[in-house]
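Participant: I have a structure here, written as structure tokens, and I will follow up with some questions on it.
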Amino acid sequence: MSTASRRVEVRAGVSLPIYMDNHATSPLDPRVLEAMMPFFTTRFGNAASRNHSFGWEAEQAVETAREQIAKLIGAAAKEIIFTSGATESDNLAIKGIAEMYRERGNHIITQVTEHKAVLDTCKRLEKYGYRVTYLPVKADGRIDIEDLNRAMDDKTILVSVMAANNEIGVLQPIREIGKICHEKGVLFHTDAVQIIGKAPFNVIADNVDVASISAHKIYGPKGVGALYVRRRNPRVQIAAQIDGGGHERGMRSGTLNVPGIVGLGKACEIAMQEMETEAAYLRGLRDRMKEKLEASLDYIHVNGSMEHRLPGNLNVSFVYVEGESLLMGINDVAVSSGSACTSATLEPSYVLKALGLGDDVAHSSIRFGLGRFNTQAEVDYVADKVIDVVQKLRELSPLYEMVKDGIDLTKIQWQAH
Amino acid sequence: MSYSDKVVDHYNNPRNVGTLDKTAGNVGTGLVGAPECGDVMRLQIRVNPETQVIEEAKFKTFGCGSAIASSSLATEWIQGRTVEDALRIKNTDIVKELSLPPVKIHCSVLAEDAIRAAIGDWKKKNVAAEIAAPETTIAQ
């Protein structure tokens, strides 16, 4: 088996293994690495050192990054707080607001397909006496705005709904959500990790008050993220969750990860310049993949809205084939599956189940996450390989045979074990 | 998850994939598992009525690589054995042969269940046909 560090060319323009799991993480863009390098070596100063040039240089680099990030999302530089990543950003936003606005109310609204960084944070707050409403999603993966309206009450202090989902790439109607929040004087946090640099996102136009950002999903380094915290209309206050030297306007203490922050800034600058052409490119690749799969295979099901979706995402269930066995057949392609067998909990994806899919369809799903460095030749190779393995596994599948024989699988008494 | 060489071999070259006529009197069919659980095995046997030897075994499995390998191995092992002998195969034998990790033990349990279900189905057909035959315990 090939390893990621030693790639082998198997077809013109195709070296194995192929990385197609860009929602999990993305490779560091060489331009980002180049920008970061000096801050590991000669320019190693602490951005909080106020009395020598090493500190000033680091501080200058951090402020440049703050501006690059702010520009990408339509914010002001002062509204960007650096963190260790989006999980911390989500925790800081939700816990920090819950704590700060406790006297105003104790009700938080979120939705069921959020990332665990949001869901588990909300669960913890429930233990501390907060009430949390988890809105359902429709079959296309989006919440119903009417459900949000109904869930609001006079104790609601925060709504947290992601901009784009990490499994199915579905975009939530954040602009409408933000509008309702602003009308009712409720703060709106969005986990913007997957949308940043992939699809248009503007904190002013989208009525966002607080937004979580991660570097490593946009070809930046791991271990660094940011939180956008609105300063005007309304001014959002957040109680620090990490105390210390009062860095980041007192909201997040700790010596800044200067090389990481420089990398995040550079990644945002590149995204700003290239997002439009890149989105069109990725949409082309994604649609090509989908068309090829649909042309050769029956019983395939695209999970989530195709209309409101990230350009690089394709989440497909190959019904009557189990996801892990499919991954095993394409082991030189890095993708992920919603199958229980691939998860630590042995439960199929809660996101797919929330769409109303049966467990059997969730077990059959594969997420293709296309990114900046994928090529058409790779898409063609992966599509051919997937088609080949799915056909082979369906030859092995008693379910596929039964369905082809006209048997209704829902009428069978299965022996669950 | 990394797989043992034997699991990979059964996955790449599954033995005895196919379908027997489930209406035939000398064929027993076991269908175990459930689609919601992510694994369904169908194991079929054709038994010689004189010798009670399993002359042919076929399977089809919806499931992970370990589930496919467990059922493929099961068909290999039961072919040529008498039904009574086949019932002696334990899931732990399969775990050992395929070096299954703890999280995959249920795949081997399912394969053992599939053997028992197929033999049970065959016995049911043949006990009904031959009322004179002595009562035997039907697995499960």
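Residues in the structure tokens are named by chain (A, B, ... in the order shown) and by number from 1 within that chain; ligands are numbered from 1 in the order shown.
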List as JSON lines every residue of chain B that is in contact with chain A, defined as an atom at most 12 Å from one of its atoms (using only C-alpha atoms), together with the nearest atom pair and the distance in Å rounded to one decimal, sorted by chain and then rising number.
Facilitator:
```
{"residue": "B:Met1", "atom": "CA", "partner": "A:Thr342", "partner_atom": "CA", "distance": 7.9}
{"residue": "B:Ser2", "atom": "CA", "partner": "A:Met328", "partner_atom": "CA", "distance": 9.3}
{"residue": "B:Tyr3", "atom": "CA", "partner": "A:Met328", "partner_atom": "CA", "distance": 9.1}
{"residue": "B:Asp5", "atom": "CA", "partner": "A:Met1", "partner_atom": "CA", "distance": 11.7}
{"residue": "B:Val7", "atom": "CA", "partner": "A:Met328", "partner_atom": "CA", "distance": 10.6}
{"residue": "B:Val8", "atom": "CA", "partner": "A:Met328", "partner_atom": "CA", "distance": 8.6}
{"residue": "B:Asp9", "atom": "CA", "partner": "A:Gly329", "partner_atom": "CA", "distance": 11.8}
{"residue": "B:His10", "atom": "CA", "partner": "A:Ser325", "partner_atom": "CA", "distance": 11.9}
{"residue": "B:Tyr11", "atom": "CA", "partner": "A:Ser325", "partner_atom": "CA", "distance": 8.5}
{"residue": "B:Asn12", "atom": "CA", "partner": "A:Gly329", "partner_atom": "CA", "distance": 8.2}
{"residue": "B:Asn13", "atom": "CA", "partner": "A:Lys392", "partner_atom": "CA", "distance": 10.7}
{"residue": "B:Pro14", "atom": "CA", "partner": "A:Leu396", "partner_atom": "CA", "distance": 8.7}
{"residue": "B:Arg15", "atom": "CA", "partner": "A:Leu396", "partner_atom": "CA", "distance": 10.6}
{"residue": "B:Asn16", "atom": "CA", "partner": "A:Leu396", "partner_atom": "CA", "distance": 10.2}
{"residue": "B:Val17", "atom": "CA", "partner": "A:Leu396", "partner_atom": "CA", "distance": 6.6}
{"residue": "B:Gly18", "atom": "CA", "partner": "A:Leu396", "partner_atom": "CA", "distance": 7.7}
{"residue": "B:Thr19", "atom": "CA", "partner": "A:Pro398", "partner_atom": "CA", "distance": 9.0}
{"residue": "B:Thr29", "atom": "CA", "partner": "A:Pro398", "partner_atom": "CA", "distance": 12.0}
{"residue": "B:Gly30", "atom": "CA", "partner": "A:Gln415", "partner_atom": "CA", "distance": 11.0}
{"residue": "B:Leu31", "atom": "CA", "partner": "A:Trp414", "partner_atom": "CA", "distance": 8.3}
{"residue": "B:Val32", "atom": "CA", "partner": "A:Gln415", "partner_atom": "CA", "distance": 6.0}
{"residue": "B:Gly33", "atom": "CA", "partner": "A:Gln415", "partner_atom": "CA", "distance": 5.3}
{"residue": "B:Ala34", "atom": "CA", "partner": "A:Trp414", "partner_atom": "CA", "distance": 5.1}
{"residue": "B:Pro35", "atom": "CA", "partner": "A:Asp360", "partner_atom": "CA", "distance": 5.0}
{"residue": "B:Glu36", "atom": "CA", "partner": "A:Asp360", "partner_atom": "CA", "distance": 4.5}
{"residue": "B:Cys37", "atom": "CA", "partner": "A:Ala416", "partner_atom": "CA", "distance": 6.9}
{"residue": "B:Gly38", "atom": "CA", "partner": "A:His363", "partner_atom": "CA", "distance": 5.9}
{"residue": "B:Asp39", "atom": "CA", "partner": "A:Glu322", "partner_atom": "CA", "distance": 7.6}
{"residue": "B:Val40", "atom": "CA", "partner": "A:Pro398", "partner_atom": "CA", "distance": 7.4}
{"residue": "B:Met41", "atom": "CA", "partner": "A:Pro398", "partner_atom": "CA", "distance": 7.2}
{"residue": "B:Arg42", "atom": "CA", "partner": "A:Pro398", "partner_atom": "CA", "distance": 6.5}
{"residue": "B:Leu43", "atom": "CA", "partner": "A:Pro398", "partner_atom": "CA", "distance": 9.6}
{"residue": "B:Gln44", "atom": "CA", "partner": "A:Pro398", "partner_atom": "CA", "distance": 11.5}
{"residue": "B:Lys58", "atom": "CA", "partner": "A:Leu396", "partner_atom": "CA", "distance": 10.6}
{"residue": "B:Phe59", "atom": "CA", "partner": "A:Leu396", "partner_atom": "CA", "distance": 7.9}
{"residue": "B:Lys60", "atom": "CA", "partner": "A:Leu396", "partner_atom": "CA", "distance": 4.9}
{"residue": "B:Thr61", "atom": "CA", "partner": "A:Ser397", "partner_atom": "CA", "distance": 5.1}
{"residue": "B:Phe62", "atom": "CA", "partner": "A:Ser397", "partner_atom": "CA", "distance": 4.8}
{"residue": "B:Gly63", "atom": "CA", "partner": "A:Glu322", "partner_atom": "CA", "distance": 5.1}
{"residue": "B:Cys64", "atom": "CA", "partner": "A:Ser325", "partner_atom": "CA", "distance": 4.4}
{"residue": "B:Gly65", "atom": "CA", "partner": "A:Ser325", "partner_atom": "CA", "distance": 4.9}
{"residue": "B:Ser66", "atom": "CA", "partner": "A:Ser325", "partner_atom": "CA", "distance": 8.4}
{"residue": "B:Ala67", "atom": "CA", "partner": "A:Ser325", "partner_atom": "CA", "distance": 9.0}
{"residue": "B:Ile68", "atom": "CA", "partner": "A:Ser325", "partner_atom": "CA", "distance": 8.4}
{"residue": "B:Ala69", "atom": "CA", "partner": "A:Ser325", "partner_atom": "CA", "distance": 10.6}
{"residue": "B:Ser71", "atom": "CA", "partner": "A:Leu396", "partner_atom": "CA", "distance": 10.9}
{"residue": "B:Ser72", "atom": "CA", "partner": "A:Leu396", "partner_atom": "CA", "distance": 10.4}
{"residue": "B:Val103", "atom": "CA", "partner": "A:Cys341", "partner_atom": "CA", "distance": 8.8}
{"residue": "B:Lys104", "atom": "CA", "partner": "A:Cys341", "partner_atom": "CA", "distance": 8.9}
{"residue": "B:His106", "atom": "CA", "partner": "A:His417", "partner_atom": "CA", "distance": 8.8}
{"residue": "B:Cys107", "atom": "CA", "partner": "A:His417", "partner_atom": "CA", "distance": 10.7}
{"residue": "B:Val109", "atom": "CA", "partner": "A:His417", "partner_atom": "CA", "distance": 9.7}
{"residue": "B:Leu110", "atom": "CA", "partner": "A:His417", "partner_atom": "CA", "distance": 8.5}
{"residue": "B:Asp113", "atom": "CA", "partner": "A:His417", "partner_atom": "CA", "distance": 10.4}
{"residue": "B:Ala114", "atom": "CA", "partner": "A:Gln415", "partner_atom": "CA", "distance": 11.1}
{"residue": "B:Ala117", "atom": "CA", "partner": "A:Gln415", "partner_atom": "CA", "distance": 11.1}
{"residue": "B:Gln140", "atom": "CA", "partner": "A:Gln415", "partner_atom": "CA", "distance": 11.9}
```
Participant: Suppose you want the space between atom CA of Gly263 of chain A and atom CA of Leu33 of chain A; what is it in Å?
Facilitator: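 Atom-to-atom, atom CA of Gly263 of chain A to atom CA of Leu33 of chain A, that is 6.9 Å.
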Participant: Just the strand (DSSP E or B) stuff from chain B, please, per backbone DSSP, written as a ChimeraX atom specification.
Facilitator: /B:17,27-34,39-47,53-62,82
Participant: So that I have them on file, write out the residues from the current selection with N, CA and C atoms, as a PDB file, in the first residue's frame.
Facilitator:
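Saved result, result.pdb, follows:
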```pdb
ATOM      1  N   VAL B  17     -19.121 -16.761  -3.878  1.00  0.00           N
ATOM      2  CA  VAL B  17     -20.175 -15.752  -3.976  1.00  0.00           C
ATOM      3  C   VAL B  17     -21.263 -16.292  -4.883  1.00  0.00           C
ATOM      4  N   VAL B  27     -31.736 -27.322  -0.167  1.00  0.00           N
ATOM      5  CA  VAL B  27     -31.016 -26.061   0.050  1.00  0.00           C
ATOM      6  C   VAL B  27     -31.536 -25.392   1.321  1.00  0.00           C
ATOM      7  N   GLY B  28     -30.593 -24.938   2.161  1.00  0.00           N
ATOM      8  CA  GLY B  28     -30.964 -24.166   3.347  1.00  0.00           C
ATOM      9  C   GLY B  28     -30.445 -22.751   3.190  1.00  0.00           C
ATOM     10  N   THR B  29     -31.258 -21.770   3.565  1.00  0.00           N
ATOM     11  CA  THR B  29     -30.877 -20.371   3.425  1.00  0.00           C
ATOM     12  C   THR B  29     -30.916 -19.685   4.785  1.00  0.00           C
ATOM     13  N   GLY B  30     -29.836 -18.988   5.119  1.00  0.00           N
ATOM     14  CA  GLY B  30     -29.815 -18.177   6.341  1.00  0.00           C
ATOM     15  C   GLY B  30     -29.610 -16.730   5.963  1.00  0.00           C
ATOM     16  N   LEU B  31     -30.528 -15.862   6.443  1.00  0.00           N
ATOM     17  CA  LEU B  31     -30.398 -14.428   6.188  1.00  0.00           C
ATOM     18  C   LEU B  31     -30.346 -13.759   7.556  1.00  0.00           C
ATOM     19  N   VAL B  32     -29.213 -13.213   7.903  1.00  0.00           N
ATOM     20  CA  VAL B  32     -29.065 -12.640   9.248  1.00  0.00           C
ATOM     21  C   VAL B  32     -28.542 -11.204   9.156  1.00  0.00           C
ATOM     22  N   GLY B  33     -28.732 -10.467  10.270  1.00  0.00           N
ATOM     23  CA  GLY B  33     -28.327  -9.068  10.299  1.00  0.00           C
ATOM     24  C   GLY B  33     -29.453  -8.171   9.829  1.00  0.00           C
ATOM     25  N   ALA B  34     -29.185  -6.895   9.720  1.00  0.00           N
ATOM     26  CA  ALA B  34     -30.194  -5.934   9.303  1.00  0.00           C
ATOM     27  C   ALA B  34     -29.519  -4.765   8.601  1.00  0.00           C
ATOM     28  N   ASP B  39     -24.919  -4.436   8.370  1.00  0.00           N
ATOM     29  CA  ASP B  39     -24.494  -5.720   7.817  1.00  0.00           C
ATOM     30  C   ASP B  39     -25.622  -6.733   7.708  1.00  0.00           C
ATOM     31  N   VAL B  40     -25.677  -7.351   6.545  1.00  0.00           N
ATOM     32  CA  VAL B  40     -26.641  -8.411   6.256  1.00  0.00           C
ATOM     33  C   VAL B  40     -25.872  -9.521   5.555  1.00  0.00           C
ATOM     34  N   MET B  41     -25.998 -10.738   6.071  1.00  0.00           N
ATOM     35  CA  MET B  41     -25.349 -11.880   5.423  1.00  0.00           C
ATOM     36  C   MET B  41     -26.414 -12.862   4.980  1.00  0.00           C
ATOM     37  N   ARG B  42     -26.218 -13.364   3.756  1.00  0.00           N
ATOM     38  CA  ARG B  42     -27.061 -14.473   3.327  1.00  0.00           C
ATOM     39  C   ARG B  42     -26.139 -15.634   2.989  1.00  0.00           C
ATOM     40  N   LEU B  43     -26.328 -16.714   3.711  1.00  0.00           N
ATOM     41  CA  LEU B  43     -25.493 -17.892   3.488  1.00  0.00           C
ATOM     42  C   LEU B  43     -26.413 -19.048   3.093  1.00  0.00           C
ATOM     43  N   GLN B  44     -26.042 -19.756   2.036  1.00  0.00           N
ATOM     44  CA  GLN B  44     -26.877 -20.864   1.554  1.00  0.00           C
ATOM     45  C   GLN B  44     -26.044 -22.146   1.453  1.00  0.00           C
ATOM     46  N   ILE B  45     -26.711 -23.246   1.758  1.00  0.00           N
ATOM     47  CA  ILE B  45     -26.018 -24.543   1.665  1.00  0.00           C
ATOM     48  C   ILE B  45     -26.866 -25.517   0.833  1.00  0.00           C
ATOM     49  N   ARG B  46     -26.164 -26.373   0.091  1.00  0.00           N
ATOM     50  CA  ARG B  46     -26.860 -27.482  -0.584  1.00  0.00           C
ATOM     51  C   ARG B  46     -26.328 -28.765   0.047  1.00  0.00           C
ATOM     52  N   VAL B  47     -27.266 -29.541   0.619  1.00  0.00           N
ATOM     53  CA  VAL B  47     -26.868 -30.682   1.441  1.00  0.00           C
ATOM     54  C   VAL B  47     -27.226 -31.995   0.731  1.00  0.00           C
ATOM     55  N   VAL B  53     -23.797 -34.243   3.961  1.00  0.00           N
ATOM     56  CA  VAL B  53     -22.609 -33.412   3.734  1.00  0.00           C
ATOM     57  C   VAL B  53     -23.019 -32.151   2.959  1.00  0.00           C
ATOM     58  N   ILE B  54     -22.466 -31.007   3.395  1.00  0.00           N
ATOM     59  CA  ILE B  54     -22.702 -29.746   2.679  1.00  0.00           C
ATOM     60  C   ILE B  54     -21.831 -29.769   1.432  1.00  0.00           C
ATOM     61  N   GLU B  55     -22.480 -29.953   0.285  1.00  0.00           N
ATOM     62  CA  GLU B  55     -21.718 -30.105  -0.952  1.00  0.00           C
ATOM     63  C   GLU B  55     -21.393 -28.768  -1.580  1.00  0.00           C
ATOM     64  N   GLU B  56     -22.234 -27.784  -1.287  1.00  0.00           N
ATOM     65  CA  GLU B  56     -21.997 -26.475  -1.873  1.00  0.00           C
ATOM     66  C   GLU B  56     -22.457 -25.413  -0.876  1.00  0.00           C
ATOM     67  N   ALA B  57     -21.692 -24.333  -0.777  1.00  0.00           N
ATOM     68  CA  ALA B  57     -22.099 -23.205   0.068  1.00  0.00           C
ATOM     69  C   ALA B  57     -21.886 -21.917  -0.719  1.00  0.00           C
ATOM     70  N   LYS B  58     -22.842 -21.025  -0.611  1.00  0.00           N
ATOM     71  CA  LYS B  58     -22.738 -19.738  -1.324  1.00  0.00           C
ATOM     72  C   LYS B  58     -23.100 -18.620  -0.351  1.00  0.00           C
ATOM     73  N   PHE B  59     -22.540 -17.435  -0.593  1.00  0.00           N
ATOM     74  CA  PHE B  59     -22.917 -16.304   0.258  1.00  0.00           C
ATOM     75  C   PHE B  59     -23.004 -15.020  -0.539  1.00  0.00           C
ATOM     76  N   LYS B  60     -23.744 -14.093   0.042  1.00  0.00           N
ATOM     77  CA  LYS B  60     -23.676 -12.686  -0.371  1.00  0.00           C
ATOM     78  C   LYS B  60     -23.756 -11.872   0.908  1.00  0.00           C
ATOM     79  N   THR B  61     -22.933 -10.838   1.007  1.00  0.00           N
ATOM     80  CA  THR B  61     -22.901 -10.036   2.224  1.00  0.00           C
ATOM     81  C   THR B  61     -22.875  -8.550   1.909  1.00  0.00           C
ATOM     82  N   PHE B  62     -23.736  -7.817   2.623  1.00  0.00           N
ATOM     83  CA  PHE B  62     -23.681  -6.354   2.665  1.00  0.00           C
ATOM     84  C   PHE B  62     -23.030  -6.031   4.000  1.00  0.00           C
ATOM     85  N   THR B  82     -20.194 -32.327   7.241  1.00  0.00           N
ATOM     86  CA  THR B  82     -21.599 -32.665   7.505  1.00  0.00           C
ATOM     87  C   THR B  82     -22.228 -31.490   8.245  1.00  0.00           C
TER      88      THR B  82
END
```
Participant: Which residues are near Arg372 of chain A? Cut-off 10 Å, only C-alpha atoms, ignore same chain within fewer than 4 positions. Put them as a list in words.
Facilitator: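 Skipping anything fewer than 4 positions along the chain leaves Asn22, Ser26, Pro27, Asp29, Ile218, Tyr219, Glu274, Met275, Glu278, Ala279, Tyr281, Leu282 and Gly312 of chain A.
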Participant: Export N, CA and C atoms of the chosen residues as a PDB file, in the first residue's frame?
Facilitator:
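The result, stored in again.pdb:
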```
ATOM      1  N   ASN A  22     -11.020  17.288   1.733  1.00  0.00           N
ATOM      2  CA  ASN A  22     -10.655  18.663   2.104  1.00  0.00           C
ATOM      3  C   ASN A  22     -11.577  19.322   3.130  1.00  0.00           C
ATOM      4  N   SER A  26      -7.013  20.566   4.893  1.00  0.00           N
ATOM      5  CA  SER A  26      -6.516  20.803   3.542  1.00  0.00           C
ATOM      6  C   SER A  26      -5.000  20.936   3.591  1.00  0.00           C
ATOM      7  N   PRO A  27      -4.323  20.624   2.478  1.00  0.00           N
ATOM      8  CA  PRO A  27      -2.869  20.771   2.474  1.00  0.00           C
ATOM      9  C   PRO A  27      -2.482  22.246   2.611  1.00  0.00           C
ATOM     10  N   ASP A  29      -0.939  25.532   1.608  1.00  0.00           N
ATOM     11  CA  ASP A  29      -0.542  26.143   0.340  1.00  0.00           C
ATOM     12  C   ASP A  29       0.927  26.577   0.458  1.00  0.00           C
ATOM     13  N   ILE A 218      -8.595  26.133   5.025  1.00  0.00           N
ATOM     14  CA  ILE A 218      -8.408  27.013   3.863  1.00  0.00           C
ATOM     15  C   ILE A 218      -6.935  27.055   3.463  1.00  0.00           C
ATOM     16  N   TYR A 219      -6.283  25.897   3.531  1.00  0.00           N
ATOM     17  CA  TYR A 219      -4.900  25.752   3.057  1.00  0.00           C
ATOM     18  C   TYR A 219      -3.914  26.505   3.930  1.00  0.00           C
ATOM     19  N   GLU A 274      -8.642  34.474  -4.997  1.00  0.00           N
ATOM     20  CA  GLU A 274      -8.874  33.337  -5.890  1.00  0.00           C
ATOM     21  C   GLU A 274     -10.216  32.641  -5.715  1.00  0.00           C
ATOM     22  N   MET A 275     -10.983  33.072  -4.712  1.00  0.00           N
ATOM     23  CA  MET A 275     -12.200  32.326  -4.383  1.00  0.00           C
ATOM     24  C   MET A 275     -13.150  32.179  -5.572  1.00  0.00           C
ATOM     25  N   GLU A 278     -11.741  29.789  -8.138  1.00  0.00           N
ATOM     26  CA  GLU A 278     -11.598  28.469  -7.534  1.00  0.00           C
ATOM     27  C   GLU A 278     -12.965  27.796  -7.337  1.00  0.00           C
ATOM     28  N   ALA A 279     -13.942  28.587  -6.929  1.00  0.00           N
ATOM     29  CA  ALA A 279     -15.285  28.032  -6.713  1.00  0.00           C
ATOM     30  C   ALA A 279     -15.850  27.479  -8.016  1.00  0.00           C
ATOM     31  N   TYR A 281     -14.130  26.437 -10.565  1.00  0.00           N
ATOM     32  CA  TYR A 281     -13.314  25.256 -10.892  1.00  0.00           C
ATOM     33  C   TYR A 281     -13.798  24.035 -10.102  1.00  0.00           C
ATOM     34  N   LEU A 282     -13.986  24.234  -8.795  1.00  0.00           N
ATOM     35  CA  LEU A 282     -14.390  23.104  -7.946  1.00  0.00           C
ATOM     36  C   LEU A 282     -15.804  22.633  -8.271  1.00  0.00           C
ATOM     37  N   GLY A 312     -17.219  22.457  -3.537  1.00  0.00           N
ATOM     38  CA  GLY A 312     -16.332  21.288  -3.545  1.00  0.00           C
ATOM     39  C   GLY A 312     -16.894  20.054  -2.881  1.00  0.00           C
TER      40      GLY A 312
END
```
Participant: Which of these, A:Met289, A:Ala139, A:Ile174, A:Ala295, has the shortest distance to Thr375 of chain A once you count only C-alpha atoms?
Facilitator: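 Checking each of A:Met289, A:Ala139, A:Ile174, A:Ala295 against Thr375 of chain A, counting only C-alpha atoms, the winner is A:Met289.
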Participant: Please compute the atom CA of Lys127 of chain A-atom CA of Glu167 of chain A distance, one decimal, in Å.
Facilitator: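 So the answer is 27.7 Å.
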Participant: What's the separation between atom CA of Asn126 of chain B and atom CA of Thr75 of chain B, in Å to one decimal place?
Facilitator: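 So the answer is 21.1 Å.
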Participant: Tell me which of A:Val333, A:Ile81, A:Val236, A:Ala383 sits closest to Leu297 of chain A, counting only C-alpha atoms.
Facilitator: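 Nearest to Leu297 of chain A: A:Ala383.
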